[in-house]
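Printed here is entry_35.txt (compact mmCIF, C-alpha atoms):
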# COMPACT_ATOMS: atom_id res chain seq x y z
CA MET A 1 26.11 37.31 -18.34
CA GLU A 2 29.50 35.60 -18.46
CA LYS A 3 29.79 31.88 -17.83
CA THR A 4 32.70 30.61 -15.74
CA ILE A 5 34.53 27.78 -17.57
CA GLU A 6 37.52 27.39 -15.27
CA LYS A 7 38.29 28.76 -11.81
CA LYS A 8 41.85 29.57 -10.80
CA ARG A 9 42.92 30.87 -7.41
CA ILE A 10 46.20 32.77 -7.91
CA TYR A 11 46.79 33.85 -4.33
CA THR A 12 45.27 33.49 -0.88
CA GLY A 13 46.56 36.22 1.39
CA LYS A 14 45.81 37.57 4.82
CA LEU A 15 43.31 40.09 3.44
CA LEU A 16 43.00 39.52 -0.30
CA LYS A 17 42.33 36.53 -2.52
CA LEU A 18 43.16 36.87 -6.20
CA ASN A 19 41.29 34.85 -8.84
CA ALA A 20 41.86 34.60 -12.57
CA ASN A 21 38.93 32.72 -14.05
CA LYS A 22 38.33 31.69 -17.63
CA VAL A 23 34.88 32.76 -18.85
CA ARG A 24 32.68 32.45 -21.90
CA LEU A 25 31.30 35.81 -23.04
CA PRO A 26 27.76 36.18 -24.45
CA SER A 27 29.37 36.42 -27.92
CA GLY A 28 30.78 32.91 -27.52
CA ARG A 29 34.38 34.09 -27.20
CA THR A 30 36.41 33.10 -24.14
CA SER A 31 38.26 35.58 -21.94
CA PHE A 32 39.93 35.88 -18.53
CA ARG A 33 38.51 37.72 -15.54
CA GLU A 34 40.98 38.75 -12.83
CA TYR A 35 39.35 39.84 -9.59
CA VAL A 36 40.04 40.27 -5.92
CA ALA A 37 37.79 38.51 -3.40
CA HIS A 38 37.45 40.74 -0.34
CA PRO A 39 35.61 40.16 2.97
CA GLY A 40 33.86 43.55 2.82
CA ALA A 41 34.14 46.59 5.05
CA ALA A 42 32.21 49.16 7.06
CA ALA A 43 32.85 52.88 7.62
CA ALA A 44 31.14 55.66 9.57
CA VAL A 45 30.98 59.43 9.86
CA PRO A 46 31.30 59.91 13.64
CA PHE A 47 29.50 63.06 14.85
CA ILE A 48 31.08 64.23 18.11
CA SER A 49 28.58 67.09 18.23
CA GLU A 50 25.76 68.27 15.97
CA ASN A 51 28.11 69.93 13.46
CA LYS A 52 31.52 68.42 14.20
CA ILE A 53 32.94 65.07 13.06
CA ILE A 54 36.05 62.99 13.75
CA LEU A 55 38.30 62.10 10.82
CA ILE A 56 41.48 60.05 10.97
CA ARG A 57 44.77 60.59 9.21
CA GLN A 58 46.70 57.41 8.50
CA TYR A 59 49.50 56.09 6.31
CA ARG A 60 48.34 54.01 3.37
CA TYR A 61 51.09 51.77 2.05
CA ALA A 62 49.41 51.12 -1.33
CA ILE A 63 49.55 54.82 -2.24
CA SER A 64 52.73 55.69 -0.24
CA GLY A 65 51.09 58.55 1.62
CA ASN A 66 48.80 59.76 4.39
CA LEU A 67 45.07 60.10 3.81
CA LEU A 68 42.30 61.85 5.70
CA GLU A 69 39.47 59.34 6.03
CA ILE A 70 36.44 58.40 8.08
CA PRO A 71 37.06 55.49 10.47
CA ALA A 72 36.57 52.13 8.75
CA GLY A 73 37.61 48.52 8.84
CA VAL A 74 37.38 45.12 7.26
CA THR A 75 34.57 42.79 8.34
CA GLU A 76 35.71 39.88 10.48
CA LEU A 77 34.14 36.43 10.29
CA GLY A 78 30.60 36.39 11.67
CA GLU A 79 30.33 40.15 12.12
CA SER A 80 27.46 42.28 10.83
CA PRO A 81 28.48 45.62 9.24
CA GLU A 82 27.15 47.35 12.40
CA ASP A 83 29.37 45.12 14.58
CA THR A 84 32.38 45.91 12.39
CA ILE A 85 32.00 49.66 12.52
CA THR A 86 31.23 49.70 16.26
CA ARG A 87 34.43 47.71 16.92
CA GLU A 88 36.56 49.75 14.51
CA LEU A 89 35.33 53.09 15.90
CA ILE A 90 36.52 52.06 19.35
CA GLU A 91 39.85 50.72 18.04
CA GLU A 92 40.57 53.75 15.87
CA THR A 93 39.08 56.64 17.88
CA GLY A 94 38.45 55.36 21.42
CA TYR A 95 34.74 56.21 21.11
CA LYS A 96 31.78 53.86 21.36
CA ALA A 97 28.84 55.00 19.21
CA ASN A 98 25.50 54.56 20.96
CA LYS A 99 23.60 55.42 17.78
CA ILE A 100 24.40 53.90 14.37
CA GLU A 101 22.30 54.81 11.31
CA SER A 102 22.75 53.25 7.86
CA LEU A 103 23.72 55.47 4.93
CA GLY A 104 23.58 52.54 2.47
CA TRP A 105 26.37 50.56 0.83
CA PHE A 106 28.34 50.57 -2.42
CA TYR A 107 30.95 48.74 -4.49
CA PRO A 108 34.23 50.75 -4.55
CA SER A 109 35.64 49.13 -7.69
CA PRO A 110 33.33 46.47 -9.16
CA GLY A 111 35.51 46.10 -12.27
CA TYR A 112 37.94 43.92 -10.34
CA THR A 113 36.83 43.39 -6.75
CA ASP A 114 33.69 42.14 -5.01
CA GLU A 115 34.35 44.38 -1.98
CA LYS A 116 31.24 46.00 -0.53
CA ILE A 117 31.52 48.97 1.83
CA HIS A 118 28.65 49.67 4.24
CA LEU A 119 28.34 53.29 5.35
CA PHE A 120 26.93 54.65 8.59
CA LYS A 121 26.36 57.81 10.54
CA ALA A 122 27.60 57.31 14.13
CA SER A 123 26.51 59.57 16.98
CA GLU A 124 25.95 59.71 20.74
CA LEU A 125 29.68 59.02 21.13
CA GLN A 126 31.04 57.91 24.48
CA LEU A 127 34.80 57.89 25.19
CA ILE A 128 35.62 54.45 26.56
CA GLN A 129 39.29 54.03 25.66
CA LYS A 130 41.85 56.79 26.12
CA GLU A 131 44.59 55.49 23.86
CA PRO A 132 43.47 54.20 20.46
CA GLN A 133 45.62 51.23 19.43
CA GLU A 134 46.36 51.94 15.81
CA GLU A 135 48.91 54.42 14.49
CA ILE A 136 46.47 57.06 13.46
CA GLU A 137 45.94 60.73 14.16
CA LEU A 138 42.47 61.95 15.13
CA VAL A 139 41.30 65.14 13.42
CA GLU A 140 38.13 66.92 14.58
CA VAL A 141 36.61 69.13 11.88
CA LEU A 142 33.33 70.92 11.29
CA PHE A 143 31.13 68.89 8.92
CA LYS A 144 31.00 71.94 6.61
CA GLU A 145 34.81 72.12 6.56
CA ALA A 146 34.99 68.47 5.57
CA LEU A 147 32.72 69.21 2.59
CA LEU A 148 35.07 72.04 1.59
CA LEU A 149 38.03 69.65 1.87
CA ILE A 150 36.39 67.43 -0.76
CA GLU A 151 36.15 70.41 -3.14
CA LYS A 152 39.77 71.42 -2.48
CA GLY A 153 41.17 67.91 -2.94
CA GLY A 154 42.06 67.52 0.76
CA ILE A 155 39.82 64.45 1.01
CA ILE A 156 40.47 61.98 -1.84
CA ASP A 157 39.35 58.68 -0.29
CA GLY A 158 36.28 57.28 -2.05
CA LYS A 159 34.26 55.97 0.93
CA THR A 160 34.90 59.21 2.84
CA ILE A 161 33.68 61.37 -0.06
CA ILE A 162 30.56 59.23 -0.52
CA ALA A 163 29.65 59.10 3.18
CA LEU A 164 30.08 62.87 3.66
CA LEU A 165 28.16 63.78 0.50
CA ILE A 166 25.34 61.36 1.37
CA CYS A 167 25.14 62.82 4.91
CA ASN A 168 24.90 66.25 3.29
CA HIS A 169 22.53 65.22 0.49
CA SER A 170 20.08 63.58 2.86
CA SER A 171 20.48 66.49 5.33
CA ILE A 172 20.91 64.05 8.22
CA MET B 1 55.48 55.81 7.37
CA GLU B 2 56.20 52.17 6.63
CA LYS B 3 59.55 51.11 5.24
CA THR B 4 59.67 48.44 2.53
CA ILE B 5 62.14 45.67 3.48
CA GLU B 6 61.36 43.20 0.73
CA LYS B 7 59.33 43.45 -2.48
CA LYS B 8 57.47 40.47 -3.83
CA ARG B 9 55.43 40.41 -7.04
CA ILE B 10 52.85 37.64 -6.66
CA TYR B 11 51.11 38.05 -10.00
CA THR B 12 51.34 40.08 -13.20
CA GLY B 13 48.04 39.93 -15.03
CA LYS B 14 46.43 41.63 -17.99
CA LEU B 15 44.92 44.34 -15.80
CA LEU B 16 46.12 43.79 -12.23
CA LYS B 17 49.48 43.28 -10.58
CA LEU B 18 49.49 41.85 -7.06
CA ASN B 19 52.31 42.63 -4.63
CA ALA B 20 52.94 41.30 -1.13
CA ASN B 21 55.76 43.35 0.37
CA LYS B 22 57.42 42.98 3.74
CA VAL B 23 57.50 46.28 5.65
CA ARG B 24 58.86 47.70 8.89
CA LEU B 25 56.19 49.60 10.83
CA PRO B 26 57.00 52.79 12.81
CA SER B 27 56.86 50.62 15.97
CA GLY B 28 59.77 48.52 14.68
CA ARG B 29 57.63 45.44 14.05
CA THR B 30 57.58 43.86 10.61
CA SER B 31 54.39 43.14 8.69
CA PHE B 32 53.12 42.29 5.18
CA ARG B 33 51.30 44.65 2.86
CA GLU B 34 49.28 43.08 0.07
CA TYR B 35 48.20 45.50 -2.62
CA VAL B 36 47.05 45.68 -6.20
CA ALA B 37 48.93 47.90 -8.64
CA HIS B 38 46.47 49.34 -11.13
CA PRO B 39 47.04 51.60 -14.18
CA GLY B 40 44.29 54.06 -13.11
CA ALA B 41 40.99 54.94 -14.71
CA ALA B 42 38.77 57.79 -15.87
CA ALA B 43 34.99 58.18 -15.79
CA ALA B 44 32.51 60.84 -16.87
CA VAL B 45 28.92 61.95 -16.41
CA PRO B 46 27.81 62.50 -20.03
CA PHE B 47 25.11 65.19 -20.33
CA ILE B 48 23.09 64.60 -23.49
CA SER B 49 21.03 67.70 -22.69
CA GLU B 50 21.00 70.22 -19.85
CA ASN B 51 19.17 67.90 -17.45
CA LYS B 52 19.57 64.43 -18.96
CA ILE B 53 22.54 62.05 -18.72
CA ILE B 54 23.58 58.74 -20.26
CA LEU B 55 24.26 55.82 -17.92
CA ILE B 56 25.33 52.33 -18.95
CA ARG B 57 24.18 49.00 -17.63
CA GLN B 58 26.79 46.26 -17.85
CA TYR B 59 27.62 42.86 -16.38
CA ARG B 60 30.37 42.90 -13.75
CA TYR B 61 31.94 39.49 -13.32
CA ALA B 62 33.51 40.27 -9.92
CA ILE B 63 30.09 40.84 -8.35
CA SER B 64 28.11 38.42 -10.58
CA GLY B 65 25.55 41.02 -11.59
CA ASN B 66 24.59 44.02 -13.70
CA LEU B 67 25.38 47.55 -12.52
CA LEU B 68 24.17 50.97 -13.61
CA GLU B 69 27.28 53.13 -13.99
CA ILE B 70 28.68 56.18 -15.71
CA PRO B 71 30.94 55.37 -18.70
CA ALA B 72 34.52 54.68 -17.60
CA GLY B 73 37.65 52.83 -18.52
CA VAL B 74 41.18 51.94 -17.64
CA THR B 75 43.99 54.26 -18.73
CA GLU B 76 46.14 52.88 -21.53
CA LEU B 77 49.86 53.54 -21.79
CA GLY B 78 50.67 57.16 -22.59
CA GLU B 79 47.09 58.41 -22.26
CA SER B 80 46.03 61.40 -20.16
CA PRO B 81 42.82 60.90 -18.13
CA GLU B 82 41.05 63.20 -20.65
CA ASP B 83 42.25 60.98 -23.53
CA THR B 84 41.02 57.88 -21.69
CA ILE B 85 37.53 59.16 -21.05
CA THR B 86 37.16 60.63 -24.55
CA ARG B 87 38.08 57.24 -26.05
CA GLU B 88 35.92 55.25 -23.63
CA LEU B 89 32.88 57.48 -24.15
CA ILE B 90 33.02 56.78 -27.89
CA GLU B 91 33.59 53.03 -27.35
CA GLU B 92 30.83 52.66 -24.77
CA THR B 93 28.19 55.14 -25.93
CA GLY B 94 29.06 56.12 -29.52
CA TYR B 95 29.28 59.79 -28.51
CA LYS B 96 32.28 62.12 -28.78
CA ALA B 97 32.30 64.76 -26.03
CA ASN B 98 33.37 68.17 -27.32
CA LYS B 99 33.54 69.56 -23.78
CA ILE B 100 35.28 67.76 -20.90
CA GLU B 101 35.44 69.40 -17.42
CA SER B 102 37.32 67.93 -14.46
CA LEU B 103 35.39 66.95 -11.31
CA GLY B 104 38.58 65.92 -9.48
CA TRP B 105 39.95 62.47 -8.72
CA PHE B 106 39.91 59.95 -5.84
CA TYR B 107 41.24 56.64 -4.56
CA PRO B 108 38.45 54.00 -4.62
CA SER B 109 40.07 51.66 -2.09
CA PRO B 110 43.45 52.93 -0.82
CA GLY B 111 43.67 50.16 1.78
CA TYR B 112 44.79 47.69 -0.89
CA THR B 113 45.07 49.33 -4.30
CA ASP B 114 46.84 52.36 -5.78
CA GLU B 115 44.08 52.84 -8.36
CA LYS B 116 43.17 56.49 -9.00
CA ILE B 117 39.92 57.38 -10.75
CA HIS B 118 39.67 60.75 -12.53
CA LEU B 119 36.15 62.13 -12.85
CA PHE B 120 34.74 64.42 -15.51
CA LYS B 121 31.60 66.10 -16.71
CA ALA B 122 31.21 65.48 -20.47
CA SER B 123 28.93 67.62 -22.62
CA GLU B 124 28.37 68.92 -26.17
CA LEU B 125 27.97 65.30 -27.25
CA GLN B 126 28.15 64.37 -30.90
CA LEU B 127 27.06 60.95 -32.15
CA ILE B 128 29.92 59.61 -34.28
CA GLN B 129 29.47 55.85 -34.02
CA LYS B 130 26.10 54.16 -34.33
CA GLU B 131 26.93 50.80 -32.79
CA PRO B 132 28.95 50.89 -29.56
CA GLN B 133 31.35 47.93 -29.49
CA GLU B 134 31.01 46.69 -25.95
CA GLU B 135 28.16 44.60 -24.57
CA ILE B 136 26.46 47.36 -22.66
CA GLU B 137 23.01 48.89 -22.55
CA LEU B 138 22.64 52.67 -22.75
CA VAL B 139 20.16 54.20 -20.30
CA GLU B 140 19.15 57.86 -20.58
CA VAL B 141 17.85 59.32 -17.32
CA LEU B 142 17.13 62.74 -15.92
CA PHE B 143 19.99 63.90 -13.69
CA LYS B 144 17.47 64.30 -10.84
CA GLU B 145 16.29 60.71 -11.32
CA ALA B 146 19.87 59.48 -11.10
CA LEU B 147 20.22 61.22 -7.72
CA LEU B 148 17.04 59.47 -6.55
CA LEU B 149 18.47 56.13 -7.73
CA ILE B 150 21.43 56.65 -5.37
CA GLU B 151 19.02 57.14 -2.45
CA LYS B 152 16.98 54.06 -3.42
CA GLY B 153 20.01 51.81 -3.88
CA GLY B 154 19.58 51.58 -7.66
CA ILE B 155 23.06 53.03 -8.19
CA ILE B 156 25.67 51.27 -6.01
CA ASP B 157 28.88 51.84 -7.98
CA GLY B 158 31.30 54.10 -6.07
CA LYS B 159 32.65 56.27 -8.92
CA THR B 160 29.12 56.82 -10.24
CA ILE B 161 27.82 57.93 -6.81
CA ILE B 162 30.78 60.31 -6.32
CA ALA B 163 30.59 61.86 -9.80
CA LEU B 164 26.80 62.43 -9.59
CA LEU B 165 26.93 63.87 -6.05
CA ILE B 166 29.86 66.15 -6.95
CA CYS B 167 28.00 67.37 -10.07
CA ASN B 168 25.04 68.10 -7.80
CA HIS B 169 27.09 69.57 -4.94
CA SER B 170 28.94 71.97 -7.21
CA SER B 171 25.70 72.78 -9.08
CA ILE B 172 27.43 72.34 -12.42
Show the structure stored in the file as structure tokens.
Amino acid sequence: MEKTIEKKRIYTGKLLKLNANKVRLPSGRTSFREYVAHPGAAAAVPFISENKIILIRQYRYAISGNLLEIPAGVTELGESPEDTITRELIEETGYKANKIESLGWFYPSPGYTDEKIHLFKASELQLIQKEPQEEIELVEVLFKEALLLIEKGGIIDGKTIIALLICNHSSI
Amino acid sequence: MEKTIEKKRIYTGKLLKLNANKVRLPSGRTSFREYVAHPGAAAAVPFISENKIILIRQYRYAISGNLLEIPAGVTELGESPEDTITRELIEETGYKANKIESLGWFYPSPGYTDEKIHLFKASELQLIQKEPQEEIELVEVLFKEALLLIEKGGIIDGKTIIALLICNHSSI
């Protein structure tokens, strides 16, 4: 347990809020804790058939490169994680998922951010929008191929690795 | 591809650096990209016997709670990921690992941070320090039990989930 002595908001951005709080450690010493406050996110493995999924390839500015990921997005005010992923799936892939099953949730980097990511399996997909709005490339792959891509280092995004391995582990 | 028009460093902290850069999108529009620059980290699943591992329970200020995790730490200047995890294992558990095998690496949250986490399997452990320095509790569990904890929501830290599932997936 660490007791907050002083709260300091460094930055309030569009997506991120940065805090640097002064805390008292259990030992009695004081220290600083820098962390990012994040609204949370939701992501899903969209099954377009029993053994085939849709991945997206998109540019990620923070790492200056393209990544192969499952569709995902940041939670907007008032949304449930299911609402978020249903909306994002349509925006990013054009598909509405008529079946959404929870795969659990996790903290991607609890050492410095409170972000939670909720994971889902999405199925019974229905194409409702022909041109997805965001600048992303859709990539259909066999679920088994996606697992191989993790082994080969072709999938290096944390939420994507977790969602695929959990789908596989639980034999959904 | 997004072209950086203007770089702005918002904050330079002990651990994190926050940037809010102005970029030109492929469409020609301009936008802002907020991201955290992070030195990177390394984590390992330490096998104390063939089927038993050491986890740590520690307080995480960002999420105001205790988490069950594999040992891990931030890379210090000049260190390789192997150096980092060897040092952190000793600091956090008291054990030196005489065998370190790579399980790959991943980006925990590439939407807003460049942090990379390198994962390892650590074995042939040798107790060299009786009292670990950090305020953490050591928890020995069967590897199989740790997998069940993921299913039950008892392990919700991203790097820990990935490392355990990859150990299991690759049947190491």
Note to self: Give me the residues near A:Ser31 as a PyMOL selection string, where near means some atom within 7 Å (using only C-alpha atoms) and where sequence neighbours in that chain fewer than 5 positions away do not count.
What the structure shows: chain A and resi 22-24
Check: Which residues of chain B are close to chain A, meaning at most 6 Å apart when you count all atoms listed in the file, and how do they look as a ChimeraX atom specification?
Finding: /B:35,62-63,106-108,112-114,156-158,162
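The space separating atom CA of A:Phe143 from atom CA of A:Leu68 comes to 13.6 Å.
Across the structure, atom CA of B:Asn98 and atom CA of B:Val45 are spaced 13.3 Å apart.
Distances to B:Thr84 were evaluated for B:Gln126, B:Ala41, B:Lys121, B:Leu55 using only C-alpha atoms, and the minimum falls at B:Ala41.
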Next item on the list: May I ask for the distance between atom CA of A:Asp83 and atom CA of A:Pro46, given in Å to one decimal place?
Entry: 14.9 Å
Let me have the centre and edge lengths of the axis-aligned box enclosing all listed atoms of stretch 15-25 of chain A with 8 Å padding on every side, in Å to one decimal, as JSON.
{"center_x": 37.3, "center_y": 35.9, "center_z": -9.8, "size_x": 28.0, "size_y": 24.4, "size_z": 42.5}
